[in-house]
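Take a look at the structure below.
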Amino acid sequence: MLKQIGFSALSFIKAHKAQILIGAGIVGNAAATVIACKQTFTASSIIENHKFRRAEVEEAKNICRREIEVFDIAAGDDQNGKVYTEQKPCSSDDYLKYTQYLEHDSKRELLKVYAKTGLKFAKHYWLAAVLFLLSNAAIGYGTGIMTRDIAGLSTALAGVTTAFSSYRDRIKNVIGEEAERKIFNNKQVKTVTYKDIAEDGETEVEKEQAVITYDGKHDPYAILIDYHYHGWSDNIYTLLSNLKSDENWANAELRKKDAVDKPYFMYKVTRQMGYADTDASRVVGWYKRNKDGDGYIDFGLFEHVDPKSGYESEDALMLRPEIDEMIKSRAGMPNQYSSDAYDIWVHFNVDGPVLKFMNKQPGLPL
């Protein structure tokens with residue numbers, strides 16, 4: 001039993017060592033701060049002793065200055081005619097001794113004072129300092145582990161993305177692009193019943209109609225458009241028009257990034273649309289110069305006049321066949337124009353992980 005518990009604990013530590021190190025570092029820094037604050041209250045004696053020893057050095061310097069002044073004035077009358085009778089000028093040897101103290105010895109003594117004070121402070125704060133260094137070392141080491149893990153995951157994700165894209169391409173070659181997209185988007189046809197008014201304008205009758213739906217639940221790079229979307233509208237055509245505008249805006253931003261040879265991350269687009277970041281959105285995105293990418297951002301809803309341009313020359317709204325088919329399947333129903341009647345999924349055509357394209361040319365502006 002104890003062996004199993006120990007094995008489980010060891011496995012947990014190995015799996016979460018980066019988080020444990022960073023957490024321990026944060027706690028250690030907090031503890032070091034508390035200890036340092038506590039020690040500060042008892043550091044007054046060190047400061048007072050430092051001030052006293054500095055005062056001793058200054059007093060010795062003042063004595064030397066007075067003796068040198070007596071030597072310079074020598075004997076005789078001052079400016080007021082007063083004769084020096086009680087003071088005797090210092091000798092040449094004394095003059096050299098006092099001058100050496102002022103120029104050299106006092107600096108050495110002052111340096112000793114600061115060195116001893118620094119040593120006393122080091123002894124006084126050693127526990128806080130050691131804890132602070134160890135905590136920051138733990139944070140640095142944990143961050144390094146997480147960086148390596150992220151790099152490994154990015155490489156693995158790149159491999160999976162490439163393999164999946166190749167798989168989709170092979171399927172398209174066998175059954176066709178439109179059929180493959182319907183399978184990928186999980187096309188479903190179901191019959192719904194709704195109430196309507198008969199031709200006489202009075203009788204209420206029930207009608208049946210085949211309704212087509214698509215979803216993106218199995219696509220990690222898809223989001224469901226709902227009221228969180230900043231361009232949400234109750235009208236389906238207004239909603240689609242807003243999405244088209246955002247697609248054009250995203251491609252304009254991609255071209256700005258291309259001007260400085262940098263990638264454009266997916267989270268930049270989803271955040272602008274009103275959605276929170278995801279783990280995938282911070283890793284994947286687009287790089288316009290990527291020979292394996294499309295060179296433009298596609299929401300998976302619209303047809304483009306020139307796919308390589310990434311935007312239309314006109315503002316006409318051209319839906320992809322499956323989206324147009326989904327809307328037409330609801331024609332004649334009472335809520336045919338309401339956005340609530342549709343599940344609109346945006347499928348981003350990301351190039352995959354684009355971290356490898358960061359900082360290709362250091363020193364370029366943001």
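By convention in this document, the chains of the structure tokens carry letters A, B, ... by their order, each chain's residues are numbered from 1, and ligands are numbered from 1 in the order they are shown.
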
Could you pull out all residues of range 46-230 of chain A with a DSSP call of strand (DSSP E) and give them as a PyMOL selection string? chain A and resi 188-197+204-213+222-225

Write out as a PyMOL selection string all residues of range 38-261 of chain A that DSSP puts in alpha helix (DSSP H) for this structure's backbone. chain A and resi 38-40+44-73+92-100+106-124+126-175+177-184+236-259

Shell of 12 Å around range 219-228 of chain A, only C-alpha atoms, local chain residues under 4 positions omitted, as a PyMOL selection string: chain A and resi 157+161+164+181+183-186+214-215+232-234+236+239-240+242-243+265-267+269-285+298-301+339-353

When you count only C-alpha atoms, which of these residues is closest to Ala252 in chain A: A:Tyr264, A:Phe302, A:Tyr125, A:Tyr114? A:Tyr264

Using only C-alpha atoms, find each residue in range 151-238 of chain A having at least one atom no more than 7 Å away from range 312-336 of chain A; report its shortest atom-to-atom pair and that distance in Å (one decimal), rows by chain then rising number, as CSV.
```
residue,atom,partner,partner_atom,distance
A:Ala210,CA,A:Ser329,CA,6.5
A:Val211,CA,A:Ser329,CA,5.2
A:Ile212,CA,A:Met326,CA,5.1
A:Thr213,CA,A:Met326,CA,6.3
```

Keeping only C-alpha atoms, write the selected residues as an mmCIF file, in the first residue's frame.
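And here's part32.cif as it stands now:
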```
data_model
loop_
_atom_site.group_PDB
_atom_site.id
_atom_site.type_symbol
_atom_site.label_atom_id
_atom_site.label_comp_id
_atom_site.auth_asym_id
_atom_site.auth_seq_id
_atom_site.Cartn_x
_atom_site.Cartn_y
_atom_site.Cartn_z
ATOM 1 C CA ALA A 210 -35.789 18.563 -44.193
ATOM 2 C CA VAL A 211 -33.232 20.716 -42.385
ATOM 3 C CA ILE A 212 -29.488 20.466 -43.003
ATOM 4 C CA THR A 213 -27.026 21.106 -40.186
#
```

Need the shell around range 17-33 of chain A: protein/DNA/RNA residues with any atom at most 12 Å away, counting only C-alpha atoms. Skip same-chain ones fewer than 3 positions apart. Format as number ranges by chain? A: 9-14, 36-40, 125-150
